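Written below as structure tokens is the structure these notes are about.
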Amino acid sequence: MTNNRITDHPVLGKLENQTPVKFTFDGTTYTGFEGDTIASALLANGIRQLRVHEETGAPRAIYCNIGHCFECRVTVDDTDGVRACMTTIRENMKVDSGKLQAVPFKSKPEEWPRTYAEFEKSSKKDGVPHV
Amino acid sequence: MDKLIICRCEEVSLEDIENTANKYSCSARELKLRTRAGMGYCGGRTCRPAVDAVLEEVTGEKPGNDIPLKVQPPVRPVSLSVLGGKKR
């Protein structure tokens, strides 16, 4: 917990005088200190990846760290789109990382049906009626 | 270097932007609509200067603030509950 931390900060004071705060990230309990943002508490615990890109699954973490870019957005207590760099941790806060999303409508233009007959043919193939 | 990501929200690389700008010799707005650069979660607030800079290099279009890539209010993406909707 004290790894990656400044033990004696000229403004914040000594590390041992800080109040510990427990929170969970993806189901695992971590400890940060009062006044920590989600991003700083996780960084001190060695976690840099906060989410993955919804479509490609590429890792994402802190980018601007001043609340501008929304790269560090996580789900806090079931509210999504919360910026980890701007939100201070609370006791028993439930934080979840951003996950890969399904892309059911991703297709190339050359795969699109050009006529209604083609469309009917492709939709019947699956045996699922068109909704 | 060309795989460098310019728009992180929509994961658009420098290569994509340069290729599109070269191929279609397009305006900033057209570039945005073709590649989705600047149309992601942050609303183009992070990559807009970079997209403008690439475009200026490729087509010579100077970044303006009247139509092309201007930022629309609100200042940050907010949920409807922040604007006064009911909490779940």
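In the structure tokens, each chain is lettered A, B, ... as it comes, each chain's residues begin at 1, and ligands are numbered from 1 in order of appearance.
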Residue contacts of Pro63 in chain B (9 Å, only C-alpha atoms) excluding same-chain residues fewer than 6 positions away, as a list in words: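 My reading of the contact set: Ala28, Pro49, Asp52, Ala53, Leu55, Glu56 and Leu69 of chain B.
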Can you write out as a Markdown table which residues of chain B fall within 10 Å of chain A, alongside each residue's closest atom pair and its distance in Å to one decimal, counting only C-alpha atoms and ordering rows by chain and ascending residue number?
```
| residue | atom | partner | partner_atom | distance |
| --- | --- | --- | --- | --- |
| B:Arg8 | CA | A:Glu71 | CA | 7.7 |
| B:Cys9 | CA | A:Glu71 | CA | 7.4 |
| B:Glu10 | CA | A:His53 | CA | 8.4 |
| B:Glu11 | CA | A:His53 | CA | 8.1 |
| B:Gly40 | CA | A:Phe70 | CA | 9.9 |
| B:Tyr41 | CA | A:Phe70 | CA | 7.1 |
| B:Cys42 | CA | A:Cys69 | CA | 5.7 |
| B:Gly43 | CA | A:Cys69 | CA | 9.0 |
| B:Gly44 | CA | A:Cys69 | CA | 8.8 |
| B:Arg45 | CA | A:Cys69 | CA | 7.0 |
| B:Thr46 | CA | A:Cys69 | CA | 5.7 |
| B:Cys47 | CA | A:Cys69 | CA | 9.1 |
| B:Val75 | CA | A:His68 | CA | 9.8 |
| B:Arg76 | CA | A:His68 | CA | 7.9 |
| B:Pro77 | CA | A:Phe70 | CA | 8.8 |
| B:Val78 | CA | A:Gly81 | CA | 8.7 |
| B:Ser79 | CA | A:Gly81 | CA | 8.6 |
| B:Arg88 | CA | A:Thr79 | CA | 9.7 |
```
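The gap separating CA of Gln49 in chain A from CA of Asn4 in chain A is 16.0 Å, in Å to one decimal.
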Arg36 in chain B environment, 9 Å, only C-alpha atoms, sequence neighbours closer than 2 positions dropped, as a PyMOL selection string: chain B and resi 7+10-12+31-34+38-40
For the residues in the current selection, export N, CA and C atoms as a short mmCIF file (atom, residue, chain, number, x, y, z; two decimals), in the first residue's frame.
```cif
data_model
loop_
_atom_site.label_atom_id
_atom_site.label_comp_id
_atom_site.auth_asym_id
_atom_site.auth_seq_id
_atom_site.Cartn_x
_atom_site.Cartn_y
_atom_site.Cartn_z
N CYS B 7 -7.08 10.25 -32.30
CA CYS B 7 -8.35 10.29 -31.56
C CYS B 7 -8.45 9.02 -30.72
N GLU B 10 -12.19 7.18 -30.44
CA GLU B 10 -12.64 6.36 -31.57
C GLU B 10 -11.50 5.56 -32.17
N GLU B 11 -10.33 5.66 -31.54
CA GLU B 11 -9.12 4.95 -31.99
C GLU B 11 -8.85 5.17 -33.48
N VAL B 12 -8.60 6.42 -33.83
CA VAL B 12 -8.26 6.78 -35.21
C VAL B 12 -6.78 7.15 -35.23
N LEU B 31 -13.54 15.24 -42.97
CA LEU B 31 -12.57 14.31 -42.38
C LEU B 31 -13.13 13.68 -41.10
N LYS B 32 -13.77 14.51 -40.32
CA LYS B 32 -14.36 14.05 -39.07
C LYS B 32 -15.46 13.02 -39.34
N LEU B 33 -16.30 13.31 -40.34
CA LEU B 33 -17.41 12.40 -40.64
C LEU B 33 -16.92 11.10 -41.27
N ARG B 34 -15.82 11.17 -42.03
CA ARG B 34 -15.32 9.96 -42.68
C ARG B 34 -14.58 9.03 -41.71
N GLY B 38 -12.69 12.69 -33.46
CA GLY B 38 -13.33 13.81 -32.80
C GLY B 38 -14.82 13.63 -32.58
N MET B 39 -15.33 12.42 -32.80
CA MET B 39 -16.77 12.19 -32.58
C MET B 39 -17.01 11.23 -31.42
N GLY B 40 -15.99 11.02 -30.61
CA GLY B 40 -16.12 10.06 -29.52
C GLY B 40 -16.64 10.67 -28.23
#
```
Residues near Thr88 in chain A, cut-off 10 Å, only C-alpha atoms, skip fewer than 6 positions along chain, as a list in words: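 Residues meeting the cut-off are Phe33, Glu34, Gly35, Asp36, Thr37, Ile38, Ala39, Ser40 and Ala41 of chain A.
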Any chance you can output those residues with all heavy atoms as a PDB file, in the first residue's frame?
```pdb
ATOM      1  N   PHE A  33      -5.839   6.297   0.436  1.00  0.00           N
ATOM      2  CA  PHE A  33      -5.914   7.230   1.552  1.00  0.00           C
ATOM      3  C   PHE A  33      -6.971   8.281   1.270  1.00  0.00           C
ATOM      4  O   PHE A  33      -7.305   8.553   0.114  1.00  0.00           O
ATOM      5  CB  PHE A  33      -4.547   7.891   1.790  1.00  0.00           C
ATOM      6  CG  PHE A  33      -3.509   6.939   2.289  1.00  0.00           C
ATOM      7  CD1 PHE A  33      -2.420   6.587   1.513  1.00  0.00           C
ATOM      8  CD2 PHE A  33      -3.631   6.382   3.560  1.00  0.00           C
ATOM      9  CE1 PHE A  33      -1.472   5.707   1.987  1.00  0.00           C
ATOM     10  CE2 PHE A  33      -2.686   5.491   4.042  1.00  0.00           C
ATOM     11  CZ  PHE A  33      -1.598   5.146   3.251  1.00  0.00           C
ATOM     12  N   GLU A  34      -7.474   8.865   2.331  1.00  0.00           N
ATOM     13  CA  GLU A  34      -8.484   9.905   2.214  1.00  0.00           C
ATOM     14  C   GLU A  34      -7.948  11.024   1.314  1.00  0.00           C
ATOM     15  O   GLU A  34      -6.822  11.470   1.506  1.00  0.00           O
ATOM     16  CB  GLU A  34      -8.809  10.460   3.603  1.00  0.00           C
ATOM     17  CG  GLU A  34     -10.188  11.070   3.719  1.00  0.00           C
ATOM     18  CD  GLU A  34     -10.472  11.513   5.146  1.00  0.00           C
ATOM     19  OE1 GLU A  34     -10.008  12.605   5.509  1.00  0.00           O
ATOM     20  OE2 GLU A  34     -11.127  10.755   5.866  1.00  0.00           O
ATOM     21  N   GLY A  35      -8.752  11.457   0.374  1.00  0.00           N
ATOM     22  CA  GLY A  35      -8.328  12.506  -0.548  1.00  0.00           C
ATOM     23  C   GLY A  35      -7.752  11.973  -1.847  1.00  0.00           C
ATOM     24  O   GLY A  35      -7.567  12.721  -2.800  1.00  0.00           O
ATOM     25  N   ASP A  36      -7.476  10.657  -1.890  1.00  0.00           N
ATOM     26  CA  ASP A  36      -7.005  10.033  -3.127  1.00  0.00           C
ATOM     27  C   ASP A  36      -8.105  10.076  -4.178  1.00  0.00           C
ATOM     28  O   ASP A  36      -9.277   9.912  -3.856  1.00  0.00           O
ATOM     29  CB  ASP A  36      -6.693   8.552  -2.872  1.00  0.00           C
ATOM     30  CG  ASP A  36      -5.205   8.282  -2.744  1.00  0.00           C
ATOM     31  OD1 ASP A  36      -4.424   9.128  -3.180  1.00  0.00           O
ATOM     32  OD2 ASP A  36      -4.855   7.218  -2.207  1.00  0.00           O
ATOM     33  N   THR A  37      -7.735  10.261  -5.428  1.00  0.00           N
ATOM     34  CA  THR A  37      -8.694   9.999  -6.499  1.00  0.00           C
ATOM     35  C   THR A  37      -8.650   8.500  -6.786  1.00  0.00           C
ATOM     36  O   THR A  37      -7.719   7.810  -6.365  1.00  0.00           O
ATOM     37  CB  THR A  37      -8.335  10.774  -7.777  1.00  0.00           C
ATOM     38  OG1 THR A  37      -7.064  10.322  -8.241  1.00  0.00           O
ATOM     39  CG2 THR A  37      -8.294  12.257  -7.533  1.00  0.00           C
ATOM     40  N   ILE A  38      -9.654   8.002  -7.500  1.00  0.00           N
ATOM     41  CA  ILE A  38      -9.660   6.583  -7.866  1.00  0.00           C
ATOM     42  C   ILE A  38      -8.384   6.263  -8.636  1.00  0.00           C
ATOM     43  O   ILE A  38      -7.720   5.255  -8.402  1.00  0.00           O
ATOM     44  CB  ILE A  38     -10.902   6.260  -8.731  1.00  0.00           C
ATOM     45  CG1 ILE A  38     -12.184   6.512  -7.940  1.00  0.00           C
ATOM     46  CG2 ILE A  38     -10.861   4.821  -9.209  1.00  0.00           C
ATOM     47  CD1 ILE A  38     -13.439   6.490  -8.790  1.00  0.00           C
ATOM     48  N   ALA A  39      -8.028   7.156  -9.555  1.00  0.00           N
ATOM     49  CA  ALA A  39      -6.852   6.933 -10.398  1.00  0.00           C
ATOM     50  C   ALA A  39      -5.575   6.881  -9.565  1.00  0.00           C
ATOM     51  O   ALA A  39      -4.746   5.988  -9.745  1.00  0.00           O
ATOM     52  CB  ALA A  39      -6.753   8.028 -11.449  1.00  0.00           C
ATOM     53  N   SER A  40      -5.403   7.803  -8.622  1.00  0.00           N
ATOM     54  CA  SER A  40      -4.164   7.834  -7.840  1.00  0.00           C
ATOM     55  C   SER A  40      -4.093   6.657  -6.877  1.00  0.00           C
ATOM     56  O   SER A  40      -3.031   6.080  -6.661  1.00  0.00           O
ATOM     57  CB  SER A  40      -4.025   9.161  -7.089  1.00  0.00           C
ATOM     58  OG  SER A  40      -4.957   9.258  -6.029  1.00  0.00           O
ATOM     59  N   ALA A  41      -5.254   6.270  -6.309  1.00  0.00           N
ATOM     60  CA  ALA A  41      -5.262   5.135  -5.388  1.00  0.00           C
ATOM     61  C   ALA A  41      -4.903   3.850  -6.122  1.00  0.00           C
ATOM     62  O   ALA A  41      -4.142   3.023  -5.617  1.00  0.00           O
ATOM     63  CB  ALA A  41      -6.635   5.004  -4.727  1.00  0.00           C
TER      64      ALA A  41
END
```
CA of Val95 in chain A to CA of Thr24 in chain A, distance in Å rounded to a single decimal: 5.8 Å
Which of chain A fall in strand (DSSP E), as a ChimeraX atom specification: /A:8-9,13-14,20-25,28-33,51-52,59-60,73-76,79-83,93-96
Next, write the just-selected residues to a file, as a JSON list (two decimals), in the first residue's frame, keeping N, CA and C atoms as the atom set.
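Once everything was written out, this is again-v5.json:
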```
[["chain", "number", "residue", "atom", "x", "y", "z"],
["A", 8, "ASP", "N", 6.94, 11.36, 2.95],
["A", 8, "ASP", "CA", 6.88, 12.61, 3.70],
["A", 8, "ASP", "C", 6.76, 13.76, 2.71],
["A", 9, "HIS", "N", 5.51, 14.24, 2.53],
["A", 9, "HIS", "CA", 5.24, 15.25, 1.53],
["A", 9, "HIS", "C", 5.21, 16.63, 2.18],
["A", 13, "GLY", "N", 1.96, 16.11, 4.24],
["A", 13, "GLY", "CA", 2.41, 15.59, 5.52],
["A", 13, "GLY", "C", 2.92, 14.17, 5.42],
["A", 14, "LYS", "N", 3.05, 13.53, 6.59],
["A", 14, "LYS", "CA", 3.60, 12.18, 6.61],
["A", 14, "LYS", "C", 2.55, 11.15, 6.20],
["A", 20, "PRO", "N", -6.68, 5.65, 6.04],
["A", 20, "PRO", "CA", -6.89, 4.67, 4.98],
["A", 20, "PRO", "C", -8.37, 4.56, 4.60],
["A", 21, "VAL", "N", -8.62, 4.34, 3.32],
["A", 21, "VAL", "CA", -9.98, 4.16, 2.81],
["A", 21, "VAL", "C", -9.99, 2.90, 1.94],
["A", 22, "LYS", "N", -10.95, 2.01, 2.20],
["A", 22, "LYS", "CA", -11.04, 0.78, 1.42],
["A", 22, "LYS", "C", -12.07, 0.93, 0.31],
["A", 23, "PHE", "N", -11.75, 0.38, -0.86],
["A", 23, "PHE", "CA", -12.69, 0.39, -1.98],
["A", 23, "PHE", "C", -12.43, -0.84, -2.82],
["A", 24, "THR", "N", -13.35, -1.17, -3.70],
["A", 24, "THR", "CA", -13.13, -2.34, -4.56],
["A", 24, "THR", "C", -12.99, -1.91, -6.01],
["A", 25, "PHE", "N", -12.11, -2.61, -6.73],
["A", 25, "PHE", "CA", -11.95, -2.40, -8.17],
["A", 25, "PHE", "C", -12.08, -3.76, -8.84],
["A", 28, "THR", "N", -11.97, -6.75, -6.40],
["A", 28, "THR", "CA", -10.85, -6.88, -5.47],
["A", 28, "THR", "C", -10.78, -5.65, -4.57],
["A", 29, "THR", "N", -10.55, -5.87, -3.29],
["A", 29, "THR", "CA", -10.50, -4.75, -2.36],
["A", 29, "THR", "C", -9.09, -4.15, -2.32],
["A", 30, "TYR", "N", -9.03, -2.83, -2.43],
["A", 30, "TYR", "CA", -7.77, -2.11, -2.34],
["A", 30, "TYR", "C", -7.88, -1.03, -1.28],
["A", 31, "THR", "N", -6.75, -0.56, -0.81],
["A", 31, "THR", "CA", -6.76, 0.51, 0.18],
["A", 31, "THR", "C", -6.04, 1.73, -0.37],
["A", 32, "GLY", "N", -6.70, 2.86, -0.24],
["A", 32, "GLY", "CA", -6.08, 4.13, -0.61],
["A", 32, "GLY", "C", -6.12, 5.03, 0.61],
["A", 33, "PHE", "N", -5.84, 6.30, 0.44],
["A", 33, "PHE", "CA", -5.91, 7.23, 1.55],
["A", 33, "PHE", "C", -6.97, 8.28, 1.27],
["A", 51, "ARG", "N", -9.49, 0.66, -18.08],
["A", 51, "ARG", "CA", -10.55, 0.15, -18.94],
["A", 51, "ARG", "C", -9.93, -0.30, -20.26],
["A", 52, "VAL", "N", -10.74, -0.88, -21.12],
["A", 52, "VAL", "CA", -10.29, -1.16, -22.48],
["A", 52, "VAL", "C", -11.18, -0.38, -23.45],
["A", 59, "PRO", "N", -5.92, -1.33, -24.34],
["A", 59, "PRO", "CA", -5.91, -0.84, -22.95],
["A", 59, "PRO", "C", -5.94, 0.68, -22.87],
["A", 60, "ARG", "N", -6.61, 1.19, -21.85],
["A", 60, "ARG", "CA", -6.69, 2.63, -21.63],
["A", 60, "ARG", "C", -6.41, 2.92, -20.15],
["A", 73, "ARG", "N", -12.42, 7.00, -17.73],
["A", 73, "ARG", "CA", -13.76, 6.79, -17.21],
["A", 73, "ARG", "C", -13.96, 5.34, -16.74],
["A", 74, "VAL", "N", -14.59, 5.24, -15.57],
["A", 74, "VAL", "CA", -14.87, 3.93, -14.98],
["A", 74, "VAL", "C", -16.33, 3.93, -14.50],
["A", 75, "THR", "N", -16.79, 2.77, -14.06],
["A", 75, "THR", "CA", -18.14, 2.68, -13.50],
["A", 75, "THR", "C", -18.05, 2.70, -11.99],
["A", 76, "VAL", "N", -18.67, 3.70, -11.37],
["A", 76, "VAL", "CA", -18.64, 3.83, -9.92],
["A", 76, "VAL", "C", -20.03, 3.60, -9.36],
["A", 79, "THR", "N", -22.81, 3.62, -11.79],
["A", 79, "THR", "CA", -22.95, 4.79, -12.66],
["A", 79, "THR", "C", -21.75, 4.82, -13.60],
["A", 80, "ASP", "N", -22.01, 4.74, -14.93],
["A", 80, "ASP", "CA", -20.88, 4.68, -15.85],
["A", 80, "ASP", "C", -20.42, 6.08, -16.27],
["A", 81, "GLY", "N", -19.26, 6.13, -16.89],
["A", 81, "GLY", "CA", -18.73, 7.40, -17.39],
["A", 81, "GLY", "C", -18.21, 8.32, -16.31],
["A", 82, "VAL", "N", -17.77, 7.77, -15.18],
["A", 82, "VAL", "CA", -17.22, 8.61, -14.11],
["A", 82, "VAL", "C", -15.71, 8.70, -14.28],
["A", 83, "ARG", "N", -15.18, 9.91, -14.22],
["A", 83, "ARG", "CA", -13.75, 10.07, -14.43],
["A", 83, "ARG", "C", -12.96, 9.68, -13.17],
["A", 93, "MET", "N", -16.51, 2.10, -1.75],
["A", 93, "MET", "CA", -16.89, 2.48, -3.11],
["A", 93, "MET", "C", -16.65, 1.29, -4.05],
["A", 94, "LYS", "N", -17.61, 1.08, -4.96],
["A", 94, "LYS", "CA", -17.48, -0.04, -5.89],
["A", 94, "LYS", "C", -17.10, 0.52, -7.26],
["A", 95, "VAL", "N", -15.88, 0.23, -7.67],
["A", 95, "VAL", "CA", -15.38, 0.74, -8.95],
["A", 95, "VAL", "C", -15.22, -0.44, -9.91],
["A", 96, "ASP", "N", -15.70, -0.28, -11.13],
["A", 96, "ASP", "CA", -15.52, -1.33, -12.13],
["A", 96, "ASP", "C", -14.87, -0.74, -13.37]]
```
Separation of CA of Ile5 in chain B from CA of Ala37 in chain B, in Å and rounded to one decimal: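 Interatomic distance, CA of Ile5 in chain B to CA of Ala37 in chain B: 10.0 Å.
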Selected residue of minimal separation from Leu100 in chain A among A:Thr87, A:Thr19, A:Gly27, A:Gly57, counting only C-alpha atoms: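 That would be A:Gly57, the residue with the smallest distance to Leu100 in chain A.
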Which of chain B DSSP labels alpha helix (DSSP H), written as a ChimeraX atom specification: /B:14-24,28-35,48-59
Residue nearest Ser27 in chain B - candidates B:Glu15, B:Leu80, B:Val51, B:Asp2, atoms counted: only C-alpha atoms: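 Closest residue, counting only C-alpha atoms: B:Val51.
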